[in-house]
file data-v4.pdb (PDB, C-alpha atoms and all ligand atoms)
ATOM      1  CA  MET I 154       1.683   4.314  17.280
ATOM      2  CA  LYS I 155       0.749   0.903  18.588
ATOM      3  CA  GLN I 156       3.712  -1.313  19.451
ATOM      4  CA  ALA I 157       2.064  -4.279  17.682
ATOM      5  CA  PHE I 158       2.926  -2.578  14.354
ATOM      6  CA  LEU I 159       6.666  -2.146  15.019
ATOM      7  CA  ASP I 160       7.609  -5.498  13.486
ATOM      8  CA  LEU I 161       6.139  -4.492  10.125
ATOM      9  CA  LEU I 162       8.216  -1.336   9.697
ATOM     10  CA  ILE I 163      11.358  -0.636   7.704
ATOM     11  CA  CYS I 164      13.219   2.561   6.835
ATOM     12  CA  PRO I 165      11.494   4.266   3.846
ATOM     13  CA  HIS I 166      14.618   6.318   3.122
ATOM     14  CA  CYS I 167      16.746   3.192   2.494
ATOM     15  CA  LEU I 168      14.351   1.582  -0.007
ATOM     16  CA  PRO I 169      14.820  -0.663  -1.971
ATOM     17  CA  GLY I 170      16.984  -1.867   0.915
ATOM     18  CA  GLU I 171      14.824  -3.124   3.782
ATOM     19  CA  TYR I 172      16.158  -2.246   7.241
ATOM     20  CA  PRO I 173      13.995  -2.725  10.366
ATOM     21  CA  LEU I 174      13.636   0.327  12.601
ATOM     22  CA  GLN I 175      14.663   0.452  16.252
ATOM     23  CA  ALA I 176      12.180   2.007  18.653
ATOM     24  CA  SER I 177      13.045   4.346  21.486
ATOM     25  CA  ILE I 178       9.991   4.874  23.689
ATOM     26  CA  GLN I 179       9.662   7.879  26.008
ATOM     27  CA  ASP I 180       5.968   7.625  26.859
ATOM     28  CA  SER I 181       3.524   4.856  26.082
ATOM     29  CA  ARG I 182      -0.031   4.095  27.212
ATOM     30  CA  GLN I 183      -1.555   0.626  26.958
ATOM     31  CA  GLY I 184       0.747  -0.394  24.113
ATOM     32  CA  ASP I 185       0.373   2.908  22.233
ATOM     33  CA  ILE I 186       3.656   4.837  21.870
ATOM     34  CA  ILE I 187       2.738   8.474  22.529
ATOM     35  CA  THR I 188       6.236   9.988  22.399
ATOM     36  CA  GLY I 189       9.356   8.364  21.023
ATOM     37  CA  SER I 190      11.272   7.740  17.856
ATOM     38  CA  LEU I 191      12.165   5.079  15.338
ATOM     39  CA  SER I 192      15.697   5.013  14.011
ATOM     40  CA  CYS I 193      17.365   3.286  11.103
ATOM     41  CA  PRO I 194      20.610   1.469  11.932
ATOM     42  CA  GLN I 195      21.658   1.731   8.257
ATOM     43  CA  CYS I 196      21.207   5.452   7.385
ATOM     44  CA  GLN I 197      20.892   6.745  10.986
ATOM     45  CA  LYS I 198      17.703   8.610  10.101
ATOM     46  CA  VAL I 199      15.362   9.214  13.048
ATOM     47  CA  TYR I 200      11.571   9.243  12.600
ATOM     48  CA  ALA I 201       9.594  11.033  15.305
ATOM     49  CA  ILE I 202       6.534   9.746  17.134
ATOM     50  CA  GLU I 203       4.637  12.717  18.568
ATOM     51  CA  GLU I 204       1.248  12.654  20.293
ATOM     52  CA  GLY I 205       0.919   9.062  19.093
ATOM     53  CA  VAL I 206       1.540   9.944  15.421
ATOM     54  CA  ALA I 207       4.512   8.247  13.711
ATOM     55  CA  PHE I 208       6.098  10.335  10.922
ATOM     56  CA  LEU I 209       7.430   7.754   8.485
ATOM     57  CA  ALA I 210       7.841   9.616   5.195
ATOM     58  CA  PRO I 211      11.400   9.262   3.774
ATOM     59  CA  GLN I 212      12.106  12.928   4.561
ATOM     60  CA  GLY I 213      10.717  12.618   8.125
ATOM     61  CA  LYS I 214       8.189  15.299   9.114
ATOM     62  CA  ILE I 215       6.347  16.668   6.096
ATOM     63  CA  PRO I 216       5.801  20.450   5.805
ATOM     64  CA  GLN I 217       2.066  20.896   6.402
ATOM     65  CA  ALA I 218       1.386  24.339   4.999
ATOM     66  CA  THR I 219       1.501  23.386   1.326
ATOM     67  CA  ASN I 220      -0.965  20.476   1.461
ATOM     68  CA  ARG I 221      -4.658  21.242   0.866
ATOM     69  CA  TYR I 222      -5.538  18.043   2.760
ATOM     70  CA  GLU I 223      -4.321  19.728   5.964
ATOM     71  CA  MET I 224      -7.014  22.451   5.848
ATOM     72  CA  PRO I 225      -9.824  22.257   8.468
ATOM     73  CA  ALA I 226     -12.517  22.703   5.783
ATOM     74  CA  VAL I 227     -11.120  19.762   3.803
ATOM     75  CA  VAL I 228     -10.912  17.614   6.955
ATOM     76  CA  ALA I 229     -14.610  18.440   7.613
ATOM     77  CA  SER I 230     -15.470  17.529   4.008
ATOM     78  CA  TYR I 231     -13.775  14.147   4.303
ATOM     79  CA  LEU I 232     -15.285  13.427   7.728
ATOM     80  CA  TRP I 233     -18.703  13.958   6.182
ATOM     81  CA  SER I 234     -17.791  11.843   3.158
ATOM     82  CA  HIS I 235     -16.489   8.933   5.269
ATOM     83  CA  TYR I 236     -19.084   8.918   8.044
ATOM     84  CA  SER I 237     -22.268  10.575   6.679
ATOM     85  CA  ASP I 238     -24.101   7.211   6.760
ATOM     86  CA  LEU I 239     -23.285   6.755  10.478
ATOM     87  CA  LEU I 240     -24.448  10.321  11.114
ATOM     88  CA  GLY I 241     -27.768   9.608   9.392
ATOM     89  CA  GLU I 242     -27.237  12.481   6.948
ATOM     90  CA  GLU I 243     -29.964  12.939   4.348
ATOM     91  CA  MET I 244     -27.473  13.035   1.445
ATOM     92  CA  ALA I 245     -25.194  10.290   2.852
ATOM     93  CA  THR I 246     -22.890   8.306   0.562
ATOM     94  CA  ASP I 247     -22.624   4.499   0.818
ATOM     95  CA  ALA I 248     -19.398   4.409  -1.230
ATOM     96  CA  TYR I 249     -17.149   3.190   1.599
ATOM     97  CA  GLN I 250     -19.538   0.361   2.478
ATOM     98  CA  ARG I 251     -19.541  -0.631  -1.190
ATOM     99  CA  TRP I 252     -15.736  -0.556  -1.417
ATOM    100  CA  ALA I 253     -15.465  -2.481   1.878
ATOM    101  CA  GLY I 254     -17.952  -5.068   0.577
ATOM    102  CA  LEU I 255     -15.504  -5.926  -2.216
ATOM    103  CA  MET I 256     -12.908  -7.226   0.274
ATOM    104  CA  ARG I 257     -13.210 -10.769   1.679
ATOM    105  CA  PRO I 258     -12.350 -11.363   5.368
ATOM    106  CA  SER I 259      -8.881 -12.912   5.582
ATOM    107  CA  PRO I 260      -6.161 -13.687   8.102
ATOM    108  CA  GLY I 261      -3.172 -11.316   7.887
ATOM    109  CA  ASN I 262      -2.527  -7.597   7.643
ATOM    110  CA  CYS I 263      -4.272  -4.950   5.580
ATOM    111  CA  LEU I 264      -3.040  -1.557   4.335
ATOM    112  CA  ASP I 265      -5.239   1.409   3.376
ATOM    113  CA  GLY I 266      -2.951   3.714   1.363
ATOM    114  CA  GLY I 267      -4.169   7.331   1.382
ATOM    115  CA  CYS I 268      -6.691   6.560   4.134
ATOM    116  CA  ALA I 269      -7.684  10.224   4.818
ATOM    117  CA  VAL I 270      -9.870  10.160   7.981
ATOM    118  CA  GLY I 271      -9.970   6.399   8.068
ATOM    119  CA  ARG I 272     -13.367   4.921   7.140
ATOM    120  CA  PHE I 273     -12.074   2.149   4.892
ATOM    121  CA  ALA I 274      -9.412   1.193   7.462
ATOM    122  CA  PHE I 275     -12.096   0.991  10.204
ATOM    123  CA  GLU I 276     -14.103  -1.297   7.896
ATOM    124  CA  MET I 277     -11.048  -3.488   7.246
ATOM    125  CA  ALA I 278     -10.404  -3.881  11.006
ATOM    126  CA  LYS I 279     -13.526  -6.096  10.993
ATOM    127  CA  LYS I 280     -12.012  -8.350   8.300
ATOM    128  CA  PHE I 281      -8.222  -8.577   8.880
ATOM    129  CA  ASP I 282      -5.936  -9.235  11.868
ATOM    130  CA  LEU I 283      -3.988  -5.939  11.789
ATOM    131  CA  VAL I 284      -4.852  -2.849   9.739
ATOM    132  CA  VAL I 285      -2.765   0.255   8.956
ATOM    133  CA  GLY I 286      -4.181   3.421   7.467
ATOM    134  CA  LEU I 287      -1.498   5.596   5.910
ATOM    135  CA  ASP I 288      -1.636   9.144   4.615
ATOM    136  CA  ASN I 289       0.762  12.060   4.172
ATOM    137  CA  SER I 290      -1.730  14.521   5.690
ATOM    138  CA  VAL I 291      -0.969  15.003   9.382
ATOM    139  CA  ALA I 292      -4.419  16.535   9.990
ATOM    140  CA  PHE I 293      -6.137  13.466   8.525
ATOM    141  CA  ILE I 294      -4.007  11.024  10.540
ATOM    142  CA  ARG I 295      -4.495  12.977  13.798
ATOM    143  CA  THR I 296      -8.254  12.974  13.201
ATOM    144  CA  ALA I 297      -8.382   9.247  12.374
ATOM    145  CA  ARG I 298      -6.312   8.437  15.468
ATOM    146  CA  GLU I 299      -8.539  10.564  17.678
ATOM    147  CA  LEU I 300     -11.612   8.718  16.423
ATOM    148  CA  MET I 301      -9.801   5.393  16.909
ATOM    149  CA  SER I 302      -8.794   6.107  20.509
ATOM    150  CA  LYS I 303     -11.876   7.995  21.791
ATOM    151  CA  ARG I 304     -14.397   6.188  19.543
ATOM    152  CA  ARG I 305     -16.187   9.521  19.152
ATOM    153  CA  LEU I 306     -15.513  12.866  17.527
ATOM    154  CA  ASP I 307     -17.243  16.243  17.640
ATOM    155  CA  LEU I 308     -17.565  17.654  14.115
ATOM    156  CA  ALA I 309     -18.337  21.164  12.911
ATOM    157  CA  LEU I 310     -19.918  20.754   9.475
ATOM    158  CA  PRO I 311     -19.912  23.912   7.336
ATOM    159  CA  GLU I 312     -23.498  24.960   6.583
ATOM    160  CA  GLU I 313     -23.276  28.365   4.875
ATOM    161  CA  GLY I 314     -20.580  31.032   5.128
ATOM    162  CA  MET I 315     -19.392  31.025   8.741
ATOM    163  CA  LEU I 316     -22.343  28.997  10.021
ATOM    164  CA  GLN I 317     -21.585  25.486  11.187
ATOM    165  CA  ARG I 318     -23.636  22.543  12.409
ATOM    166  CA  HIS I 319     -22.185  20.642  15.365
ATOM    167  CA  VAL I 320     -22.675  16.881  15.396
ATOM    168  CA  THR I 321     -21.107  14.010  17.307
ATOM    169  CA  LEU I 322     -19.868  10.957  15.508
ATOM    170  CA  GLU I 323     -19.764   7.726  17.533
ATOM    171  CA  LEU I 324     -18.259   4.480  16.302
ATOM    172  CA  PRO I 325     -20.692   1.557  16.474
ATOM    173  CA  PRO I 326     -19.843  -0.478  19.620
ATOM    174  CA  ASP I 327     -19.007  -3.650  17.667
ATOM    175  CA  TRP I 328     -16.310  -1.986  15.480
ATOM    176  CA  PRO I 329     -12.860  -3.203  16.613
ATOM    177  CA  THR I 330     -10.066  -0.662  16.988
ATOM    178  CA  PHE I 331      -7.484  -2.668  19.005
ATOM    179  CA  ASN I 332      -6.039  -4.027  15.728
ATOM    180  CA  LEU I 333      -5.934  -0.711  13.853
ATOM    181  CA  ASP I 334      -3.506   2.193  13.573
ATOM    182  CA  PHE I 335      -2.814   5.221  11.387
ATOM    183  CA  ILE I 336       0.591   6.603  10.378
ATOM    184  CA  VAL I 337       1.954   9.503   8.341
ATOM    185  CA  ALA I 338       3.935   8.195   5.363
ATOM    186  CA  ASP I 339       4.391   8.551   1.622
ATOM    187  CA  ALA I 340       2.420   6.132  -0.561
ATOM    188  CA  GLN I 341       5.331   6.153  -3.050
ATOM    189  CA  ALA I 342       7.910   4.903  -0.494
ATOM    190  CA  LEU I 343       6.038   2.646   1.893
ATOM    191  CA  PRO I 344       7.768   1.930   5.230
ATOM    192  CA  PHE I 345       6.899  -1.782   5.355
ATOM    193  CA  ARG I 346       8.641  -5.080   4.621
ATOM    194  CA  SER I 347       7.942  -6.839   1.325
ATOM    195  CA  GLY I 348       5.143  -9.401   1.329
ATOM    196  CA  THR I 349       3.625  -8.115   4.589
ATOM    197  CA  PHE I 350       0.001  -7.554   3.561
ATOM    198  CA  ALA I 351      -2.865  -9.890   2.635
ATOM    199  CA  GLY I 352      -5.145  -6.947   1.846
ATOM    200  CA  LEU I 353      -4.258  -3.621   0.232
ATOM    201  CA  ALA I 354      -6.286  -0.656  -0.919
ATOM    202  CA  SER I 355      -5.563   2.501  -2.856
ATOM    203  CA  LEU I 356      -8.754   4.548  -3.085
ATOM    204  CA  ASN I 357      -8.960   7.842  -4.955
ATOM    205  CA  MET I 358      -5.287   8.653  -4.577
ATOM    206  CA  VAL I 359      -3.330   7.536  -7.628
ATOM    207  CA  ASP I 360      -4.169  10.718  -9.591
ATOM    208  CA  LYS I 361      -2.933  12.809  -6.637
ATOM    209  CA  LEU I 362       0.590  11.371  -6.736
ATOM    210  CA  PRO I 363       3.635  12.687  -8.633
ATOM    211  CA  LYS I 364       4.709   9.057  -9.317
ATOM    212  CA  PRO I 365       1.569   6.913  -9.727
ATOM    213  CA  LEU I 366       3.411   3.875 -11.133
ATOM    214  CA  GLN I 367       5.867   3.928  -8.242
ATOM    215  CA  HIS I 368       2.906   3.733  -5.839
ATOM    216  CA  LEU I 369       1.473   0.684  -7.631
ATOM    217  CA  SER I 370       4.863  -0.961  -7.656
ATOM    218  CA  GLU I 371       5.150  -0.315  -3.886
ATOM    219  CA  ILE I 372       1.697  -1.885  -3.377
ATOM    220  CA  ASN I 373       2.913  -4.865  -5.416
ATOM    221  CA  ARG I 374       6.051  -5.159  -3.270
ATOM    222  CA  LEU I 375       4.053  -5.141  -0.017
ATOM    223  CA  ALA I 376       1.427  -7.664  -1.135
ATOM    224  CA  LYS I 377       1.952 -11.315  -0.252
ATOM    225  CA  PRO I 378       3.050 -13.163  -3.426
ATOM    226  CA  ARG I 379       0.050 -15.525  -2.931
ATOM    227  CA  GLY I 380      -3.145 -15.028  -0.957
ATOM    228  CA  ALA I 381      -3.441 -11.237  -1.413
ATOM    229  CA  GLN I 382      -6.358  -8.991  -2.391
ATOM    230  CA  PHE I 383      -5.947  -5.508  -3.848
ATOM    231  CA  LEU I 384      -8.733  -2.956  -4.170
ATOM    232  CA  PHE I 385      -7.960   0.007  -6.382
ATOM    233  CA  SER I 386     -10.326   2.856  -7.199
ATOM    234  CA  ASP I 387      -9.855   6.258  -8.789
ATOM    235  CA  PRO I 388     -11.673   8.909 -10.832
ATOM    236  CA  PHE I 389      -8.511   9.532 -12.916
ATOM    237  CA  SER I 390      -8.580  13.324 -12.608
ATOM    238  CA  TRP I 391      -5.080  13.619 -14.052
ATOM    239  CA  SER I 392      -3.486  17.038 -13.699
ATOM    240  CA  THR I 393      -0.082  18.452 -14.583
ATOM    241  CA  ASP I 394      -0.287  20.400 -11.291
ATOM    242  CA  VAL I 395       0.380  17.060  -9.595
ATOM    243  CA  ALA I 396       2.344  14.907 -12.034
ATOM    244  CA  SER I 397       3.928  15.443 -15.411
ATOM    245  CA  ALA I 398       1.752  13.916 -18.180
ATOM    246  CA  THR I 399       4.487  11.347 -18.865
ATOM    247  CA  GLU I 400       3.804   9.894 -15.390
ATOM    248  CA  TRP I 401       0.020   9.510 -15.842
ATOM    249  CA  LEU I 402      -1.334   5.989 -16.160
ATOM    250  CA  GLY I 403      -3.902   7.074 -18.745
ATOM    251  CA  GLY I 404      -5.507  10.106 -20.289
ATOM    252  CA  SER I 405      -2.873  10.758 -22.941
ATOM    253  CA  GLU I 406      -2.591   9.816 -26.603
ATOM    254  CA  ALA I 407       0.966   8.509 -26.679
ATOM    255  CA  GLY I 408       3.435   6.632 -24.513
ATOM    256  CA  PRO I 409       3.265   3.329 -22.603
ATOM    257  CA  PHE I 410       0.048   4.403 -20.816
ATOM    258  CA  ALA I 411      -1.803   5.957 -23.761
ATOM    259  CA  GLY I 412      -5.588   5.597 -23.604
ATOM    260  CA  ARG I 413      -7.809   4.944 -20.604
ATOM    261  CA  ALA I 414      -6.268   4.356 -17.183
ATOM    262  CA  GLN I 415      -8.749   1.685 -16.137
ATOM    263  CA  THR I 416      -7.733  -0.528 -19.090
ATOM    264  CA  ASN I 417      -4.050   0.235 -18.559
ATOM    265  CA  ILE I 418      -4.155  -0.636 -14.854
ATOM    266  CA  ILE I 419      -5.989  -3.896 -15.556
ATOM    267  CA  ASP I 420      -3.276  -4.710 -18.144
ATOM    268  CA  LEU I 421      -0.577  -3.764 -15.647
ATOM    269  CA  LEU I 422      -2.047  -5.968 -12.890
ATOM    270  CA  GLU I 423      -2.597  -8.911 -15.220
ATOM    271  CA  GLY I 424       1.009  -8.794 -16.405
ATOM    272  CA  ARG I 425       0.499  -7.386 -19.905
ATOM    273  CA  LYS I 426       2.681  -4.335 -19.210
ATOM    274  CA  GLY I 427       5.477  -6.430 -17.778
ATOM    275  CA  CYS I 428       6.320  -4.547 -14.591
ATOM    276  CA  LEU I 429       4.259  -6.108 -11.754
ATOM    277  CA  ASP I 430       5.333  -9.555 -10.651
ATOM    278  CA  PRO I 431       3.812 -11.959  -9.706
ATOM    279  CA  CYS I 432       0.819 -10.819 -11.694
ATOM    280  CA  TRP I 433      -2.757 -10.451 -10.415
ATOM    281  CA  GLN I 434      -6.144 -11.727 -11.587
ATOM    282  CA  VAL I 435      -8.804  -9.038 -11.881
ATOM    283  CA  GLU I 436     -12.001 -10.303 -10.180
ATOM    284  CA  SER I 437     -14.263  -7.377 -11.009
ATOM    285  CA  HIS I 438     -14.271  -3.740 -12.017
ATOM    286  CA  GLY I 439     -16.818  -0.980 -12.422
ATOM    287  CA  PRO I 440     -17.904   2.429 -11.128
ATOM    288  CA  ILE I 441     -18.661   3.457  -7.551
ATOM    289  CA  TRP I 442     -20.289   6.848  -7.097
ATOM    290  CA  TRP I 443     -18.650   8.742  -4.288
ATOM    291  CA  LYS I 444     -19.741  12.041  -2.769
ATOM    292  CA  ILE I 445     -17.887  14.895  -1.046
ATOM    293  CA  ARG I 446     -19.682  17.730   0.770
ATOM    294  CA  THR I 447     -18.424  21.324   0.867
ATOM    295  CA  HIS I 448     -21.439  22.886   2.627
ATOM    296  CA  CYS I 449     -25.137  22.113   2.994
ATOM    297  CA  ASN I 450     -25.957  23.214  -0.571
ATOM    298  CA  HIS I 451     -22.832  21.976  -2.318
ATOM    299  CA  TYR I 452     -21.891  18.346  -2.972
ATOM    300  CA  GLU I 453     -19.464  16.895  -5.486
ATOM    301  CA  MET I 454     -20.385  13.570  -7.151
ATOM    302  CA  ILE I 455     -17.360  11.581  -8.281
ATOM    303  CA  ARG I 456     -17.396   8.446 -10.442
ATOM    304  CA  SER I 457     -14.576   6.357  -9.068
ATOM    305  CA  CYS I 458     -13.521   3.381 -11.210
ATOM    306  CA  PHE I 459     -12.736   0.366  -9.017
ATOM    307  CA  ILE I 460     -10.626  -2.659  -9.885
ATOM    308  CA  LYS I 461     -10.623  -5.617  -7.488
ATOM    309  CA  ALA I 462      -7.743  -8.040  -8.003
ATOM    310  CA  SER I 463      -6.223 -10.985  -6.182
ATOM    311  CA  ARG I 464      -3.278 -13.352  -6.536
TER     312      ARG I 464
HETATM  313  C1  LIG N   1      -8.825  12.233  -2.860
HETATM  314  S1  LIG N   1      -8.237  11.791  -1.277
HETATM  315  C2  LIG N   1      -8.912  10.159  -1.057
HETATM  316  C3  LIG N   1      -8.895   9.723   0.384
HETATM  317  C4  LIG N   1      -9.513   8.356   0.692
HETATM  318  N1  LIG N   1      -8.742   7.258   0.157
HETATM  319  C5  LIG N   1     -10.912   8.300   0.191
HETATM  320  O1  LIG N   1     -11.179   7.612  -0.795
HETATM  321  O2  LIG N   1     -11.776   8.952   0.781
HETATM  322  C6  LIG N   1      -6.518  11.518  -1.605
HETATM  323  C7  LIG N   1      -5.755  11.122  -0.350
HETATM  324  O3  LIG N   1      -4.420  10.806  -0.695
HETATM  325  C8  LIG N   1      -3.571  11.395   0.280
HETATM  326  N2  LIG N   1      -2.255  11.552  -0.336
HETATM  327  C9  LIG N   1      -1.897  12.378  -1.359
HETATM  328  N3  LIG N   1      -0.597  12.221  -1.656
HETATM  329  C10 LIG N   1      -0.133  11.257  -0.821
HETATM  330  C11 LIG N   1       1.140  10.635  -0.643
HETATM  331  N4  LIG N   1       2.196  10.973  -1.405
HETATM  332  N5  LIG N   1       1.267   9.700   0.311
HETATM  333  C12 LIG N   1       0.214   9.349   1.099
HETATM  334  N6  LIG N   1      -1.004   9.908   0.969
HETATM  335  C13 LIG N   1      -1.178  10.835   0.027
HETATM  336  C14 LIG N   1      -4.255  12.698   0.642
HETATM  337  O4  LIG N   1      -3.793  13.247   1.837
HETATM  338  C15 LIG N   1      -5.699  12.231   0.690
HETATM  339  O5  LIG N   1      -6.029  11.690   1.931
END
call {"tool": "encode", "arguments": {"input": "data-v4.pdb", "output": "structure tokens"}}
result
Amino acid sequence: MKQAFLDLLICPHCLPGEYPLQASIQDSRQGDIITGSLSCPQCQKVYAIEEGVAFLAPQGKIPQATNRYEMPAVVASYLWSHYSDLLGEEMATDAYQRWAGLMRPSPGNCLDGGCAVGRFAFEMAKKFDLVVGLDNSVAFIRTARELMSKRRLDLALPEEGMLQRHVTLELPPDWPTFNLDFIVADAQALPFRSGTFAGLASLNMVDKLPKPLQHLSEINRLAKPRGAQFLFSDPFSWSTDVASATEWLGGSEAGPFAGRAQTNIIDLLEGRKGCLDPCWQVESHGPIWWKIRTHCNHYEMIRSCFIKASR
């Protein structure tokens, strides 16, 4: 974890209290802490930094086995989805360029919540001063950090059965990475001070969270009260495997979030549901088609509904 990001961090376990973390550095290279820890003076919790990866979920290191986003096949799928345009793939998706195009360049920090293997965060590093990609999948964060530090990655794309196609992904030379980092954390208990970010994104994650409203309220806490942009997008594939229906932000017939999630989230941001303050102005909304690849004959097309807001 790059030392430049230390000042932004607080203990996620002590939220809503905000206590800065103290770093203990065992090994660092050119400002990147490779081995060390971050400890909270309030609750005494210690968060590990191992092989450059900071583990900042409230419970510390997250058990990996239960998360489908840790599986090599899923990492390969997301690498294709995020970088297929750079690889010149025939079926490439331009979704991340389209999402990135909705954000204006701005001074300040930017957060990509649920960054997976990092494409949107790499795009934001061209537009903001400091950018953090955050995800609770260790495999995704390791992969994003490897691409960030080596600027290249060898990929094995599943073709058919056990057959794979080996390709090398190289970051374009003019993409900055000095101002970018990736951490493991929980999008429902974000380890950052209030009002720290001028840009925030939550792409295709809210329906994967047990507490979607808590995530949006965390985003709201982290955004600067004035001069902030928020890009939200989601296909709203609500499932009781992930969250009880009473937690969904849409897709049910009764309760405070009855009806369609896109309308409800616009109402929430614009202050008509009373829980996000100060409220946001929605600049635009609409669909972005996004594509995930399983193997060379199997792609999933997903209609992700974006909402771009500012305040
Ligand atoms: C459908 S993927 C979308 C990834 C990326 N934003 C994109 O649009 O390509 C959902 C992402 O949310 C992450 N995620 C799920 N639950 C999370 C949590 N509680 N905290 C942080 N990330 C989470 C997953 O690991 C995964 O990277």
call {"tool": "closest_residue", "arguments": {"input": "data-v4.pdb", "among": "I:Leu161, I:Ile202, I:Val291, I:Leu283", "to": "ligand LIG 1 (chain N)", "atoms": "all atoms listed in the file"}}
result
I:Val291
call {"tool": "residues_near_point", "arguments": {"input": "data-v4.pdb", "point": "(-8.3, 17.9, 6.3)", "cutoff": "10 Å", "atoms": "all atoms listed in the file", "output": "JSON, numbers by chain"}}
result
{"I": [220, 221, 222, 223, 224, 225, 226, 227, 228, 229, 230, 231, 232, 269, 270, 290, 291, 292, 293, 294, 295, 296]}
call {"tool": "closest_residue", "arguments": {"input": "data-v4.pdb", "among": "I:Pro431, I:Pro211, I:Pro260, I:Gly205", "to": "Cys193 in chain I", "atoms": "all atoms listed in the file"}}
result
I:Pro211
call {"tool": "residues_near_point", "arguments": {"input": "data-v4.pdb", "point": "(-1.7, 2.0, 14.1)", "cutoff": "7 Å", "atoms": "all atoms listed in the file", "output": "list in words"}}
result
Met154, Lys155, Phe158, Val285, Leu333, Asp334, Phe335 and Ile336 of chain I
call {"tool": "residues_around", "arguments": {"input": "data-v4.pdb", "residues": "Ile187 in chain I", "least_positions_apart": "4", "cutoff": "8 Å", "atoms": "all atoms listed in the file", "output": "list in words"}}
result
Met154, Gln179, Asp180, Ser181, Arg182, Ile202, Glu203, Glu204, Gly205 and Val206 of chain I
call {"tool": "write_last_selection", "arguments": {"input": "data-v4.pdb", "atoms": "C-alpha atoms", "output": "PDB file, keeping the file's coordinate frame"}}
result
ATOM      1  CA  MET I 154       1.683   4.314  17.280  1.00  0.00           C
ATOM      2  CA  GLN I 179       9.662   7.879  26.008  1.00  0.00           C
ATOM      3  CA  ASP I 180       5.968   7.625  26.859  1.00  0.00           C
ATOM      4  CA  SER I 181       3.524   4.856  26.082  1.00  0.00           C
ATOM      5  CA  ARG I 182      -0.031   4.095  27.212  1.00  0.00           C
ATOM      6  CA  ILE I 202       6.534   9.746  17.134  1.00  0.00           C
ATOM      7  CA  GLU I 203       4.637  12.717  18.568  1.00  0.00           C
ATOM      8  CA  GLU I 204       1.248  12.654  20.293  1.00  0.00           C
ATOM      9  CA  GLY I 205       0.919   9.062  19.093  1.00  0.00           C
ATOM     10  CA  VAL I 206       1.540   9.944  15.421  1.00  0.00           C
TER      11      VAL I 206
END
call {"tool": "residues_near_ligand", "arguments": {"input": "data-v4.pdb", "ligand": "ligand LIG 1 (chain N)", "cutoff": "7 Å", "atoms": "all atoms listed in the file", "output": "list in words"}}
result
Tyr222, Tyr231, His235, Gly266, Gly267, Cys268, Ala269, Leu287, Asp288, Asn289, Ser290, Phe293, Ala338, Asp339, Ala340, Gln341, Ser355, Leu356, Asn357, Met358, Lys361 and Leu362 of chain I
call {"tool": "closest_residue", "arguments": {"input": "data-v4.pdb", "among": "I:Leu159, I:Leu239, I:Val337, I:Leu264", "to": "Leu174 in chain I", "atoms": "only C-alpha atoms"}}
result
I:Leu159
call {"tool": "atom_distance", "arguments": {"input": "data-v4.pdb", "atom1": "CA of Leu191 in chain I", "atom2": "CA of Cys164 in chain I"}}
result
8.9 Å
call {"tool": "resolve_selection", "arguments": {"input": "data-v4.pdb", "expression": "the PyMOL selection byres (((chain I and resi 350) around 8) and not hetatm)", "output": "PyMOL selection string"}}
result
chain I and resi 261-264+348-349+351-353+375-377+381
call {"tool": "axis_aligned_box", "arguments": {"input": "data-v4.pdb", "around": "range 294-308 of chain I", "padding_each_side": "3 Å", "output": "lines of an AutoDock Vina configuration file"}}
result
center_x = -10.8
center_y = 11.5
center_z = 16.2
size_x = 19.6
size_y = 18.3
size_z = 17.3
call {"tool": "closest_residue", "arguments": {"input": "data-v4.pdb", "among": "I:Phe281, I:Tyr452, I:Phe459, I:Trp328", "to": "Gln415 in chain I", "atoms": "all atoms listed in the file"}}
result
I:Phe459
call {"tool": "closest_residue", "arguments": {"input": "data-v4.pdb", "among": "I:Ala157, I:Met244, I:Cys458, I:Leu324", "to": "Val284 in chain I", "atoms": "only C-alpha atoms"}}
result
I:Ala157
call {"tool": "resolve_selection", "arguments": {"input": "data-v4.pdb", "expression": "the PyMOL selection byres (((chain I and resi 432-441) around 7) and not hetatm)", "output": "mmCIF file with C-alpha atoms, in the frame of the given file"}}
result
data_model
loop_
_atom_site.group_PDB
_atom_site.id
_atom_site.type_symbol
_atom_site.label_atom_id
_atom_site.label_comp_id
_atom_site.auth_asym_id
_atom_site.auth_seq_id
_atom_site.Cartn_x
_atom_site.Cartn_y
_atom_site.Cartn_z
ATOM 1 C CA ALA I 248 -19.398 4.409 -1.230
ATOM 2 C CA ILE I 419 -5.989 -3.896 -15.556
ATOM 3 C CA LEU I 422 -2.047 -5.968 -12.890
ATOM 4 C CA GLU I 423 -2.597 -8.911 -15.220
ATOM 5 C CA GLY I 424 1.009 -8.794 -16.405
ATOM 6 C CA LEU I 429 4.259 -6.108 -11.754
ATOM 7 C CA ASP I 430 5.333 -9.555 -10.651
ATOM 8 C CA PRO I 431 3.812 -11.959 -9.706
ATOM 9 C CA TRP I 442 -20.289 6.848 -7.097
ATOM 10 C CA TRP I 443 -18.650 8.742 -4.288
ATOM 11 C CA ARG I 456 -17.396 8.446 -10.442
ATOM 12 C CA SER I 457 -14.576 6.357 -9.068
ATOM 13 C CA CYS I 458 -13.521 3.381 -11.210
ATOM 14 C CA PHE I 459 -12.736 0.366 -9.017
ATOM 15 C CA ILE I 460 -10.626 -2.659 -9.885
ATOM 16 C CA LYS I 461 -10.623 -5.617 -7.488
ATOM 17 C CA ALA I 462 -7.743 -8.040 -8.003
ATOM 18 C CA SER I 463 -6.223 -10.985 -6.182
ATOM 19 C CA ARG I 464 -3.278 -13.352 -6.536
#
call {"tool": "closest_residue", "arguments": {"input": "data-v4.pdb", "among": "I:Ala201, I:Ile186, I:Ile372, I:Leu384", "to": "Gly254 in chain I", "atoms": "all atoms listed in the file"}}
result
I:Leu384
call {"tool": "atom_distance", "arguments": {"input": "data-v4.pdb", "atom1": "CA of Leu366 in chain I", "atom2": "CA of Cys167 in chain I"}}
result
19.1 Å
